[in-house]
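Quick look at query_36.pdb (PDB, C-alpha atoms):
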```
ATOM      1  CA  MET A 144     -20.139  19.554 -28.463
ATOM      2  CA  ASP A 145     -17.238  19.592 -26.002
ATOM      3  CA  ILE A 146     -15.547  22.497 -27.788
ATOM      4  CA  GLN A 147     -18.853  24.379 -27.913
ATOM      5  CA  TYR A 148     -19.213  23.971 -24.156
ATOM      6  CA  LEU A 149     -15.699  25.342 -23.603
ATOM      7  CA  LEU A 150     -16.448  28.267 -25.922
ATOM      8  CA  TRP A 151     -19.563  29.047 -23.879
ATOM      9  CA  LEU A 152     -17.486  29.054 -20.700
ATOM     10  CA  GLN A 153     -14.909  31.217 -22.481
ATOM     11  CA  GLU A 154     -17.641  33.736 -23.294
ATOM     12  CA  LEU A 155     -18.668  33.655 -19.651
ATOM     13  CA  ARG A 156     -15.060  34.345 -18.598
ATOM     14  CA  ASN A 157     -14.866  37.268 -20.971
ATOM     15  CA  ALA A 158     -18.245  38.616 -19.880
ATOM     16  CA  THR A 159     -17.101  38.680 -16.249
ATOM     17  CA  GLY A 160     -13.823  40.340 -17.164
ATOM     18  CA  GLY A 161     -11.796  37.354 -15.967
ATOM     19  CA  GLY A 162     -12.915  38.026 -12.404
ATOM     20  CA  PHE A 163     -13.098  34.332 -11.544
ATOM     21  CA  ASP A 164     -10.008  33.203 -13.444
ATOM     22  CA  GLU A 165      -7.561  33.483 -10.573
ATOM     23  CA  PHE A 166      -9.954  31.799  -8.142
ATOM     24  CA  PHE A 167     -10.345  28.727 -10.320
ATOM     25  CA  ASN A 168      -6.657  28.770 -11.199
ATOM     26  CA  ALA A 169      -5.850  28.792  -7.465
ATOM     27  CA  LEU A 170      -8.179  25.812  -6.914
ATOM     28  CA  SER A 171      -6.366  23.873  -9.632
ATOM     29  CA  LYS A 172      -2.902  24.729  -8.334
ATOM     30  CA  PHE A 173      -3.856  23.923  -4.745
ATOM     31  CA  ALA A 174      -5.017  20.467  -5.846
ATOM     32  CA  VAL A 175      -1.715  19.532  -7.495
ATOM     33  CA  ASP A 176       0.866  21.689  -5.699
ATOM     34  CA  ILE A 177      -0.266  21.367  -2.071
ATOM     35  CA  MET A 178      -2.718  18.486  -1.652
ATOM     36  CA  PRO A 179      -0.253  15.757  -2.776
ATOM     37  CA  PHE A 180       1.674  16.424   0.452
ATOM     38  CA  LEU A 181      -1.373  15.557   2.587
ATOM     39  CA  PRO A 182      -0.778  11.777   2.366
ATOM     40  CA  PHE A 183       2.677  12.165   3.908
ATOM     41  CA  VAL A 184       1.424  14.460   6.670
ATOM     42  CA  VAL A 185      -1.207  11.833   7.514
ATOM     43  CA  PHE A 186       1.481   9.136   7.448
ATOM     44  CA  TRP A 187       3.817  11.050   9.783
ATOM     45  CA  CYS A 188       1.476  12.371  12.422
ATOM     46  CA  ALA A 189      -2.179  11.329  12.090
ATOM     47  CA  ASP A 190      -2.857   7.732  11.027
ATOM     48  CA  LYS A 191      -0.182   5.541   9.431
ATOM     49  CA  LYS A 192      -2.657   3.055   8.003
ATOM     50  CA  TRP A 193      -4.613   5.790   6.256
ATOM     51  CA  GLY A 194      -1.347   7.421   5.245
ATOM     52  CA  TYR A 195      -0.420   4.277   3.360
ATOM     53  CA  ARG A 196      -3.850   4.214   1.749
ATOM     54  CA  PHE A 197      -3.521   7.852   0.685
ATOM     55  CA  ILE A 198      -0.032   7.383  -0.771
ATOM     56  CA  THR A 199      -0.906   4.140  -2.554
ATOM     57  CA  SER A 200      -3.993   5.650  -4.192
ATOM     58  CA  TRP A 201      -2.095   8.782  -5.190
ATOM     59  CA  GLY A 202       0.840   6.779  -6.609
ATOM     60  CA  ILE A 203      -1.315   4.391  -8.619
ATOM     61  CA  GLY A 204      -3.459   7.268  -9.838
ATOM     62  CA  GLU A 205      -0.469   9.217 -11.129
ATOM     63  CA  VAL A 206       0.966   6.217 -13.008
ATOM     64  CA  LEU A 207      -2.361   5.086 -14.447
ATOM     65  CA  ASN A 208      -3.266   8.607 -15.530
ATOM     66  CA  GLY A 209       0.068   8.883 -17.309
ATOM     67  CA  ILE A 210      -0.431   5.579 -19.111
ATOM     68  CA  ILE A 211      -3.882   6.615 -20.341
ATOM     69  CA  LYS A 212      -2.669  10.062 -21.413
ATOM     70  CA  LEU A 213       0.218   8.633 -23.409
ATOM     71  CA  THR A 214      -1.997   5.936 -24.941
ATOM     72  CA  VAL A 215      -4.834   8.193 -26.096
ATOM     73  CA  CYS A 216      -2.563  11.163 -26.936
ATOM     74  CA  ALA A 217      -5.491  13.590 -27.018
ATOM     75  CA  TYR A 218      -4.462  17.132 -27.884
ATOM     76  CA  ARG A 219      -5.358  20.044 -25.628
ATOM     77  CA  PRO A 220      -8.517  22.020 -26.541
ATOM     78  CA  TRP A 221      -6.557  24.997 -27.942
ATOM     79  CA  VAL A 222      -4.681  22.635 -30.274
ATOM     80  CA  ARG A 223      -7.936  21.147 -31.499
ATOM     81  CA  SER A 224      -9.554  24.553 -32.039
ATOM     82  CA  ASP A 225      -7.973  27.939 -32.665
ATOM     83  CA  LEU A 226     -11.059  29.519 -31.078
ATOM     84  CA  ILE A 227     -10.119  28.243 -27.627
ATOM     85  CA  GLU A 228      -8.001  30.676 -25.660
ATOM     86  CA  PRO A 229      -7.297  29.296 -22.159
ATOM     87  CA  ALA A 230      -7.166  31.637 -19.187
ATOM     88  CA  GLY A 231      -3.951  33.132 -17.844
ATOM     89  CA  ASP A 232      -0.782  31.061 -18.164
ATOM     90  CA  SER A 233      -2.674  27.802 -18.662
ATOM     91  CA  LYS A 234      -1.028  27.138 -22.027
ATOM     92  CA  VAL A 235       2.365  27.122 -20.340
ATOM     93  CA  ALA A 236       1.344  25.597 -17.014
ATOM     94  CA  ALA A 237      -0.692  22.721 -18.467
ATOM     95  CA  THR A 238       1.565  19.697 -19.003
ATOM     96  CA  GLY A 239       0.968  16.421 -20.782
ATOM     97  CA  TYR A 240      -1.769  15.407 -23.160
ATOM     98  CA  SER A 241      -5.371  16.320 -22.402
ATOM     99  CA  PHE A 242      -7.185  13.046 -21.654
ATOM    100  CA  PRO A 243      -7.833  12.372 -18.801
ATOM    101  CA  SER A 244      -7.419  15.380 -16.501
ATOM    102  CA  GLY A 245      -4.499  14.941 -14.104
ATOM    103  CA  HIS A 246      -5.662  17.788 -11.865
ATOM    104  CA  THR A 247      -9.089  16.164 -11.504
ATOM    105  CA  MET A 248      -7.471  12.811 -10.793
ATOM    106  CA  VAL A 249      -5.204  14.169  -8.035
ATOM    107  CA  ALA A 250      -7.999  16.244  -6.517
ATOM    108  CA  THR A 251     -10.398  13.303  -6.488
ATOM    109  CA  VAL A 252      -7.822  10.893  -5.042
ATOM    110  CA  THR A 253      -6.778  13.209  -2.197
ATOM    111  CA  TYR A 254     -10.142  14.774  -1.408
ATOM    112  CA  GLY A 255     -11.960  11.501  -2.084
ATOM    113  CA  THR A 256      -9.729   9.482   0.244
ATOM    114  CA  THR A 257     -10.278  12.176   2.868
ATOM    115  CA  ILE A 258     -14.028  11.645   2.439
ATOM    116  CA  ALA A 259     -13.610   7.891   2.981
ATOM    117  CA  TRP A 260     -11.459   8.585   6.049
ATOM    118  CA  GLN A 261     -13.541  11.314   7.690
ATOM    119  CA  LYS A 262     -17.141  10.698   6.577
ATOM    120  CA  ASP A 263     -18.146   9.180   9.928
ATOM    121  CA  LYS A 264     -15.975  11.422  12.126
ATOM    122  CA  ARG A 265     -16.177  14.874  10.546
ATOM    123  CA  ARG A 266     -19.066  15.004   8.129
ATOM    124  CA  TRP A 267     -18.495  18.715   7.455
ATOM    125  CA  LEU A 268     -14.992  17.928   6.220
ATOM    126  CA  ALA A 269     -16.265  15.182   3.934
ATOM    127  CA  ILE A 270     -18.843  17.575   2.456
ATOM    128  CA  LEU A 271     -16.198  20.264   1.950
ATOM    129  CA  CYS A 272     -13.950  17.771   0.147
ATOM    130  CA  GLY A 273     -16.842  16.759  -2.104
ATOM    131  CA  VAL A 274     -17.421  20.395  -3.033
ATOM    132  CA  LEU A 275     -13.696  20.850  -3.745
ATOM    133  CA  ILE A 276     -13.706  17.839  -6.086
ATOM    134  CA  VAL A 277     -16.570  19.338  -8.094
ATOM    135  CA  LEU A 278     -15.036  22.827  -8.163
ATOM    136  CA  THR A 279     -11.598  21.562  -9.161
ATOM    137  CA  GLY A 280     -13.030  19.489 -11.995
ATOM    138  CA  PHE A 281     -15.135  22.406 -13.191
ATOM    139  CA  SER A 282     -12.111  24.725 -12.978
ATOM    140  CA  ARG A 283     -10.355  22.668 -15.657
ATOM    141  CA  ASN A 284     -13.259  23.324 -18.034
ATOM    142  CA  PHE A 285     -13.699  26.952 -16.975
ATOM    143  CA  LEU A 286     -10.023  27.711 -17.601
ATOM    144  CA  GLY A 287     -10.258  26.102 -21.040
ATOM    145  CA  VAL A 288      -7.566  23.480 -20.505
ATOM    146  CA  HIS A 289      -9.696  20.314 -20.453
ATOM    147  CA  THR A 290     -12.864  19.020 -22.062
ATOM    148  CA  PRO A 291     -15.767  17.619 -19.998
ATOM    149  CA  GLN A 292     -14.788  14.062 -20.914
ATOM    150  CA  ASP A 293     -11.230  14.687 -19.676
ATOM    151  CA  VAL A 294     -12.622  15.693 -16.288
ATOM    152  CA  LEU A 295     -15.222  12.925 -16.103
ATOM    153  CA  VAL A 296     -12.735  10.142 -16.825
ATOM    154  CA  GLY A 297     -10.187  11.661 -14.421
ATOM    155  CA  PHE A 298     -12.871  11.568 -11.734
ATOM    156  CA  CYS A 299     -14.038   8.021 -12.534
ATOM    157  CA  GLU A 300     -10.550   6.501 -12.599
ATOM    158  CA  SER A 301      -9.853   8.038  -9.175
ATOM    159  CA  VAL A 302     -13.055   6.692  -7.628
ATOM    160  CA  ILE A 303     -12.214   3.205  -8.910
ATOM    161  CA  ILE A 304      -8.685   3.474  -7.497
ATOM    162  CA  ILE A 305      -9.910   4.678  -4.092
ATOM    163  CA  LEU A 306     -12.373   1.799  -3.819
ATOM    164  CA  ALA A 307      -9.903  -0.812  -5.105
ATOM    165  CA  VAL A 308      -7.061   0.286  -2.800
ATOM    166  CA  GLY A 309      -9.410   0.319   0.192
ATOM    167  CA  PHE A 310     -10.681  -3.178  -0.649
ATOM    168  CA  VAL A 311      -7.188  -4.619  -1.144
ATOM    169  CA  GLN A 312      -5.842  -2.950   2.011
ATOM    170  CA  LYS A 313      -8.531  -4.606   4.121
ATOM    171  CA  LYS A 314      -7.900  -7.988   2.471
ATOM    172  CA  VAL A 315      -4.112  -8.035   2.912
ATOM    173  CA  GLU A 316      -3.772  -6.199   6.219
ATOM    174  CA  GLY A 317      -1.238  -8.057   8.383
ATOM    175  CA  ASP A 318      -0.272 -10.445   5.553
ATOM    176  CA  GLU A 319       3.308  -9.322   4.916
ATOM    177  CA  LYS A 320       4.007 -12.034   2.348
ATOM    178  CA  THR A 321       1.100 -10.940   0.141
ATOM    179  CA  ILE A 322       2.034  -7.286   0.585
ATOM    180  CA  ASP A 323       5.595  -8.091  -0.510
ATOM    181  CA  ILE A 324       4.225  -9.803  -3.624
ATOM    182  CA  LEU A 325       2.089  -6.757  -4.399
ATOM    183  CA  THR A 326       5.146  -4.553  -3.890
ATOM    184  CA  LEU A 327       7.087  -6.625  -6.419
ATOM    185  CA  VAL A 328       4.147  -6.503  -8.843
ATOM    186  CA  GLY A 329       4.112  -2.727  -8.483
ATOM    187  CA  ALA A 330       7.830  -2.468  -9.235
ATOM    188  CA  VAL A 331       7.436  -4.658 -12.332
ATOM    189  CA  ALA A 332       4.480  -2.506 -13.415
ATOM    190  CA  VAL A 333       6.678   0.604 -13.174
ATOM    191  CA  VAL A 334       9.351  -0.997 -15.378
ATOM    192  CA  LEU A 335       6.775  -2.134 -17.944
ATOM    193  CA  THR A 336       5.220   1.335 -17.937
ATOM    194  CA  LEU A 337       8.586   2.912 -18.723
ATOM    195  CA  VAL A 338       9.243   0.441 -21.538
ATOM    196  CA  TYR A 339       5.764   1.068 -22.937
ATOM    197  CA  ILE A 340       5.904   4.865 -22.987
ATOM    198  CA  LEU A 341       9.436   4.927 -24.373
ATOM    199  CA  PHE A 342       8.831   2.603 -27.315
ATOM    200  CA  LYS A 343       5.199   3.122 -28.304
ATOM    201  CA  PRO A 344       4.453   5.296 -31.366
ATOM    202  CA  TYR A 345       3.162   8.852 -30.925
ATOM    203  CA  PRO A 346       1.319  11.247 -33.253
ATOM    204  CA  MET A 347       3.723  13.559 -35.093
ATOM    205  CA  ASP A 348       1.492  16.216 -36.589
ATOM    206  CA  TYR A 349       3.047  19.287 -38.171
ATOM    207  CA  VAL A 350       1.562  22.676 -39.031
ATOM    208  CA  ASP A 351       3.672  25.026 -41.173
ATOM    209  CA  GLY A 352       6.702  22.879 -40.457
ATOM    210  CA  GLN A 353       6.207  23.047 -36.694
ATOM    211  CA  LEU A 354       5.483  19.963 -34.581
ATOM    212  CA  LEU A 355       2.133  20.540 -32.868
ATOM    213  CA  VAL A 356       2.946  18.558 -29.729
ATOM    214  CA  ASP A 357       6.324  17.083 -28.799
ATOM    215  CA  PRO A 358       5.786  13.574 -27.368
ATOM    216  CA  GLN A 359       9.064  13.785 -25.453
ATOM    217  CA  SER A 360       7.838  16.661 -23.314
ATOM    218  CA  MET A 361       4.517  14.858 -22.797
ATOM    219  CA  MET A 362       6.328  11.984 -21.058
ATOM    220  CA  ASN A 363       7.787  13.980 -18.174
ATOM    221  CA  ASP A 364       4.783  13.715 -15.865
ATOM    222  CA  THR A 365       4.693   9.934 -16.258
ATOM    223  CA  PHE A 366       8.405   9.645 -15.507
ATOM    224  CA  LYS A 367       7.764  11.653 -12.332
ATOM    225  CA  ALA A 368       4.867   9.355 -11.429
ATOM    226  CA  CYS A 369       6.958   6.216 -11.975
ATOM    227  CA  GLY A 370       9.771   7.605  -9.834
ATOM    228  CA  ALA A 371       7.425   8.591  -7.022
ATOM    229  CA  PHE A 372       5.687   5.216  -6.998
ATOM    230  CA  LEU A 373       8.976   3.307  -7.099
ATOM    231  CA  GLY A 374      10.293   5.425  -4.213
ATOM    232  CA  PHE A 375       7.157   4.555  -2.276
ATOM    233  CA  LEU A 376       7.435   0.831  -2.996
ATOM    234  CA  ILE A 377      11.073   0.674  -1.863
ATOM    235  CA  GLY A 378      10.462   2.890   1.144
ATOM    236  CA  SER A 379       7.381   1.005   2.288
ATOM    237  CA  TYR A 380       9.236  -2.330   2.070
ATOM    238  CA  LEU A 381      12.028  -0.986   4.290
ATOM    239  CA  ASP A 382       9.532   0.515   6.695
ATOM    240  CA  ARG A 383       7.463  -2.653   7.054
ATOM    241  CA  HIS A 384      10.419  -4.978   7.515
ATOM    242  CA  TYR A 385      13.051  -2.878   9.265
ATOM    243  CA  LEU A 386      12.069   0.633  10.350
ATOM    244  CA  LYS A 387       8.494  -0.066  11.505
ATOM    245  CA  TYR A 388       7.689   3.564  12.114
ATOM    246  CA  GLU A 389       5.165   4.287  14.838
ATOM    247  CA  ILE A 390       3.623   7.731  15.186
ATOM    248  CA  PRO A 391       4.824   9.289  18.458
ATOM    249  CA  VAL A 392       1.333  10.352  19.456
ATOM    250  CA  GLY A 393       1.312  13.307  21.808
ATOM    251  CA  ALA A 394       4.958  14.260  21.262
ATOM    252  CA  ALA A 395       5.319  18.032  21.544
ATOM    253  CA  ASP A 396       7.737  18.239  18.598
ATOM    254  CA  LEU A 397       5.613  16.171  16.215
ATOM    255  CA  PRO A 398       3.633  19.090  14.687
ATOM    256  CA  ILE A 399       6.711  21.203  13.942
ATOM    257  CA  LEU A 400       8.619  18.204  12.585
ATOM    258  CA  THR A 401       5.693  17.420  10.307
ATOM    259  CA  CYS A 402       5.690  20.999   9.005
ATOM    260  CA  ILE A 403       9.448  20.916   8.451
ATOM    261  CA  GLY A 404       9.212  17.599   6.592
ATOM    262  CA  ALA A 405       6.482  18.918   4.291
ATOM    263  CA  ALA A 406       8.478  22.120   3.688
ATOM    264  CA  LEU A 407      11.590  20.119   2.784
ATOM    265  CA  MET A 408       9.619  18.020   0.314
ATOM    266  CA  PHE A 409       8.038  21.100  -1.239
ATOM    267  CA  GLY A 410      11.399  22.831  -1.544
ATOM    268  CA  TRP A 411      12.963  19.769  -3.126
ATOM    269  CA  LYS A 412      10.108  19.366  -5.621
ATOM    270  CA  GLU A 413       9.870  23.013  -6.643
ATOM    271  CA  TRP A 414      13.455  24.303  -6.484
ATOM    272  CA  PHE A 415      16.284  22.004  -5.470
ATOM    273  CA  ALA A 416      15.533  18.927  -7.589
ATOM    274  CA  PRO A 417      15.093  20.977 -10.809
ATOM    275  CA  ALA A 418      18.378  22.756 -10.050
ATOM    276  CA  THR A 419      20.366  19.566  -9.425
ATOM    277  CA  ILE A 420      19.102  16.077 -10.318
ATOM    278  CA  VAL A 421      17.002  17.188 -13.301
ATOM    279  CA  VAL A 422      19.894  19.248 -14.685
ATOM    280  CA  TRP A 423      22.348  16.394 -14.232
ATOM    281  CA  PHE A 424      20.220  13.526 -15.578
ATOM    282  CA  GLY A 425      17.832  15.252 -17.974
ATOM    283  CA  SER A 426      14.109  15.885 -17.893
ATOM    284  CA  HIS A 427      13.006  12.243 -18.105
ATOM    285  CA  TRP A 428      15.345  10.307 -15.835
ATOM    286  CA  GLY A 429      16.158  13.347 -13.727
ATOM    287  CA  ASN A 430      12.496  13.918 -12.876
ATOM    288  CA  MET A 431      12.033  10.227 -12.163
ATOM    289  CA  ILE A 432      15.040  10.047  -9.826
ATOM    290  CA  ALA A 433      14.099  13.308  -8.101
ATOM    291  CA  ARG A 434      10.545  12.181  -7.336
ATOM    292  CA  GLY A 435      11.794   8.803  -6.192
ATOM    293  CA  ILE A 436      14.187  10.469  -3.746
ATOM    294  CA  MET A 437      11.415  12.740  -2.464
ATOM    295  CA  VAL A 438       8.977   9.938  -1.686
ATOM    296  CA  PHE A 439      11.692   7.635  -0.323
ATOM    297  CA  PHE A 440      12.702  10.467   2.010
ATOM    298  CA  ALA A 441       9.103  10.797   3.192
ATOM    299  CA  ILE A 442       8.642   7.087   3.896
ATOM    300  CA  THR A 443      11.999   6.262   5.458
ATOM    301  CA  ILE A 444      14.337   9.161   6.272
ATOM    302  CA  TRP A 445      11.943  11.643   7.825
ATOM    303  CA  PRO A 446      10.129   9.057   9.987
ATOM    304  CA  MET A 447      13.538   8.096  11.415
ATOM    305  CA  VAL A 448      14.221  11.769  12.180
ATOM    306  CA  ILE A 449      10.826  12.120  13.869
ATOM    307  CA  THR A 450      11.375   8.959  15.915
ATOM    308  CA  ARG A 451      14.853   9.985  16.976
ATOM    309  CA  ILE A 452      13.982  13.546  18.013
ATOM    310  CA  CYS A 453      10.680  12.709  19.682
ATOM    311  CA  GLY A 454      12.321   9.747  21.399
ATOM    312  CA  LYS A 455      15.113  11.932  22.775
ATOM    313  CA  VAL A 456      12.604  14.515  23.977
ATOM    314  CA  SER A 457      10.590  11.839  25.722
ATOM    315  CA  GLU A 458      13.679  10.414  27.418
ATOM    316  CA  GLY A 459      14.725  13.897  28.490
TER     317      GLY A 459
END
```

Whole structure given in structure tokens:
Amino acid sequence: MDIQYLLWLQELRNATGGGFDEFFNALSKFAVDIMPFLPFVVFWCADKKWGYRFITSWGIGEVLNGIIKLTVCAYRPWVRSDLIEPAGDSKVAATGYSFPSGHTMVATVTYGTTIAWQKDKRRWLAILCGVLIVLTGFSRNFLGVHTPQDVLVGFCESVIIILAVGFVQKKVEGDEKTIDILTLVGAVAVVLTLVYILFKPYPMDYVDGQLLVDPQSMMNDTFKACGAFLGFLIGSYLDRHYLKYEIPVGAADLPILTCIGAALMFGWKEWFAPATIVVWFGSHWGNMIARGIMVFFAITIWPMVITRICGKVSEG
């Protein structure tokens, strides 16, 4: 039934001459290439408490999604059926196993946390984010890269994470000892995740002597997720105990510094890390180290830069 649904959408794509392909592809890319930087922007210049909630939900979501993907090892729709022909460069751009949808997870975590944050202040924004969640999830089906169940589970896991992180944050707020314990638990969870994905068995199906899906390449996203979450855990510990970053509300340089910080992170993620760390340490450990550096930079280094520059401007 799921393949039949995708074939129906494929017929719809063909009937419209691919006129909507780029729109839905742009929605998907925006969700995973741009929206993951929102948590850090919120952390730097809008609301530190909500920034932490955003980053925590995003980090847990990425790791959990990777664990599920590498446990279920569901093949992409075009591997399951030769009749499925995904739109555009989706075959190349789509990474990891199919179940659950990582794009849907990221979109739901970022847009969904925005809904929780803004529902009482800016209802229009909350409604817009809800629409974007639906459209992003649907885009994964429309493009032929995920089944309905991939999208549904990606959505559900994100909702559970958003609610759980919000509940825990309220319970432990101000309790540094408990937060430190949770930080340690998170670090142990990262180590156990790495051990699990490295040593568990994977399907090794061959067609005409060719391996259908290489498990090694399927692990990269989870290594990235583990690195990012570990960078966050280390950075947040240093921030809470030593740096204690406070948003310089009203500082004239804060907006431009926020833009520069986001640009530096984007440049590192897209160009500089792949050209250096990933080359030096390989796709697994290189991606993990690179993402760890990126998030650590966002939680510790850039806040110090913001504090120093805005502080100097204020003194001047």

List the neighbours of Thr253 (chain A) out to 12 Å using only C-alpha atoms; skip same-chain residues closer than 2 positions along the sequence, and give me the result as a short mmCIF file (atom, residue, chain, number, x, y, z; two decimals) with C-alpha atoms, in the frame of the given file.
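Wrote out-v7.cif, looks like this:
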```cif
data_model
loop_
_atom_site.label_atom_id
_atom_site.label_comp_id
_atom_site.auth_asym_id
_atom_site.auth_seq_id
_atom_site.Cartn_x
_atom_site.Cartn_y
_atom_site.Cartn_z
CA PHE A 173 -3.86 23.92 -4.74
CA ALA A 174 -5.02 20.47 -5.85
CA VAL A 175 -1.72 19.53 -7.50
CA ASP A 176 0.87 21.69 -5.70
CA ILE A 177 -0.27 21.37 -2.07
CA MET A 178 -2.72 18.49 -1.65
CA PRO A 179 -0.25 15.76 -2.78
CA PHE A 180 1.67 16.42 0.45
CA LEU A 181 -1.37 15.56 2.59
CA PRO A 182 -0.78 11.78 2.37
CA PHE A 183 2.68 12.16 3.91
CA VAL A 185 -1.21 11.83 7.51
CA TRP A 193 -4.61 5.79 6.26
CA GLY A 194 -1.35 7.42 5.24
CA ARG A 196 -3.85 4.21 1.75
CA PHE A 197 -3.52 7.85 0.68
CA ILE A 198 -0.03 7.38 -0.77
CA THR A 199 -0.91 4.14 -2.55
CA SER A 200 -3.99 5.65 -4.19
CA TRP A 201 -2.10 8.78 -5.19
CA GLY A 202 0.84 6.78 -6.61
CA GLY A 204 -3.46 7.27 -9.84
CA GLU A 205 -0.47 9.22 -11.13
CA HIS A 246 -5.66 17.79 -11.86
CA THR A 247 -9.09 16.16 -11.50
CA MET A 248 -7.47 12.81 -10.79
CA VAL A 249 -5.20 14.17 -8.04
CA ALA A 250 -8.00 16.24 -6.52
CA THR A 251 -10.40 13.30 -6.49
CA GLY A 255 -11.96 11.50 -2.08
CA THR A 256 -9.73 9.48 0.24
CA THR A 257 -10.28 12.18 2.87
CA ILE A 258 -14.03 11.64 2.44
CA ALA A 259 -13.61 7.89 2.98
CA TRP A 260 -11.46 8.59 6.05
CA ALA A 269 -16.26 15.18 3.93
CA CYS A 272 -13.95 17.77 0.15
CA GLY A 273 -16.84 16.76 -2.10
CA LEU A 275 -13.70 20.85 -3.74
CA ILE A 276 -13.71 17.84 -6.09
CA THR A 279 -11.60 21.56 -9.16
CA PHE A 298 -12.87 11.57 -11.73
CA SER A 301 -9.85 8.04 -9.18
CA VAL A 302 -13.06 6.69 -7.63
CA ILE A 304 -8.68 3.47 -7.50
CA ILE A 305 -9.91 4.68 -4.09
#
```

Quick one: which residues end up in the PyMOL selection byres ((chain A and resi 215) around 9) for this structure, as a PyMOL selection string? chain A and resi 210-214+216-217+240-243

Just so the selection is clear, what residues does the PyMOL selection byres ((chain A and resi 167) around 8) cover here, as a ChimeraX atom specification? /A:163-166,168-171,278-279,282,285-286

Residues from the last selection, C-alpha atoms, saved as a PDB file, in the frame of the given file:
```pdb
ATOM      1  CA  PHE A 163     -13.098  34.332 -11.544  1.00  0.00           C
ATOM      2  CA  ASP A 164     -10.008  33.203 -13.444  1.00  0.00           C
ATOM      3  CA  GLU A 165      -7.561  33.483 -10.573  1.00  0.00           C
ATOM      4  CA  PHE A 166      -9.954  31.799  -8.142  1.00  0.00           C
ATOM      5  CA  ASN A 168      -6.657  28.770 -11.199  1.00  0.00           C
ATOM      6  CA  ALA A 169      -5.850  28.792  -7.465  1.00  0.00           C
ATOM      7  CA  LEU A 170      -8.179  25.812  -6.914  1.00  0.00           C
ATOM      8  CA  SER A 171      -6.366  23.873  -9.632  1.00  0.00           C
ATOM      9  CA  LEU A 278     -15.036  22.827  -8.163  1.00  0.00           C
ATOM     10  CA  THR A 279     -11.598  21.562  -9.161  1.00  0.00           C
ATOM     11  CA  SER A 282     -12.111  24.725 -12.978  1.00  0.00           C
ATOM     12  CA  PHE A 285     -13.699  26.952 -16.975  1.00  0.00           C
ATOM     13  CA  LEU A 286     -10.023  27.711 -17.601  1.00  0.00           C
TER      14      LEU A 286
END
```

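Residues matched by the PyMOL selection byres ((chain A and resi 343) around 12) in this file: Ile210, Leu213, Thr214, Val215, Cys216, Leu335, Thr336, Leu337, Val338, Tyr339, Ile340, Leu341, Phe342, Pro344, Tyr345, Pro346, Pro358, Gln359 and Met362 of chain A.
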
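Distance-wise, CA of Ile390 (chain A) and CA of Ile449 (chain A) end up 8.5 Å apart.
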
So the first atom is CA of Ala405 (chain A) and the second is CA of Trp187 (chain A); what is the distance between them in Å, to one decimal place?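 Between CA of Ala405 (chain A) and CA of Trp187 (chain A) the gap works out to 10.0 Å.
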
Would you mind telling me which residue in A:Leu381, A:Leu400, A:Val448, A:Ile227 lies nearest to Asp145 (chain A) when using only C-alpha atoms?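 Closest candidate: A:Ile227.
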
Which of these residues is nearest to Ser426 (chain A), using only C-alpha atoms: A:Thr443, A:Asn363, A:Asn284, A:Ser379?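 Closest residue, counting only C-alpha atoms: A:Asn363.
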
Using CA of Leu268 (chain A) and CA of Tyr254 (chain A) as the two end points, give the distance in Å to one decimal.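 These two atoms are separated by 9.6 Å.
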
Show which residues sit within 10 Å of region 317-327 of chain A, as a PDB file with C-alpha atoms, keeping the file's coordinate frame. Count all atoms listed in the file, and ignore same-chain residues fewer than 4 positions away.
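For reference, result.pdb as written:
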```pdb
ATOM      1  CA  VAL A 311      -7.188  -4.619  -1.144  1.00  0.00           C
ATOM      2  CA  GLN A 312      -5.842  -2.950   2.011  1.00  0.00           C
ATOM      3  CA  LYS A 313      -8.531  -4.606   4.121  1.00  0.00           C
ATOM      4  CA  VAL A 331       7.436  -4.658 -12.332  1.00  0.00           C
ATOM      5  CA  ALA A 332       4.480  -2.506 -13.415  1.00  0.00           C
ATOM      6  CA  VAL A 333       6.678   0.604 -13.174  1.00  0.00           C
ATOM      7  CA  LEU A 373       8.976   3.307  -7.099  1.00  0.00           C
ATOM      8  CA  PHE A 375       7.157   4.555  -2.276  1.00  0.00           C
ATOM      9  CA  LEU A 376       7.435   0.831  -2.996  1.00  0.00           C
ATOM     10  CA  ILE A 377      11.073   0.674  -1.863  1.00  0.00           C
ATOM     11  CA  SER A 379       7.381   1.005   2.288  1.00  0.00           C
ATOM     12  CA  TYR A 380       9.236  -2.330   2.070  1.00  0.00           C
ATOM     13  CA  ARG A 383       7.463  -2.653   7.054  1.00  0.00           C
ATOM     14  CA  HIS A 384      10.419  -4.978   7.515  1.00  0.00           C
TER      15      HIS A 384
END
```

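Closest approach to Val392 (chain A) from the set A:Gly352, A:Gly404, A:Gly161, A:Gly454 is made by A:Gly454, with distances taken over all atoms listed in the file.
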
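Each of A:Leu150, A:Ala406, A:Ile442, A:Leu226 was compared to Thr290 (chain A) using all atoms listed in the file, and A:Leu150 turns out to be the nearest.
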
Might you pull out every residue within 10 Å of Ala237 (chain A), with all atoms listed in the file counted and same-chain residues fewer than 2 positions away left off, and present them as a PyMOL selection string? chain A and resi 219+232-235+239-241+245-246+288-289

Select all residues near (11.8, 3.9, -6.0) (cut-off 10 Å, inclusive, file coordinates), counting only C-alpha atoms, and output them as number ranges by chain. A: 330, 333, 369-379, 431-439
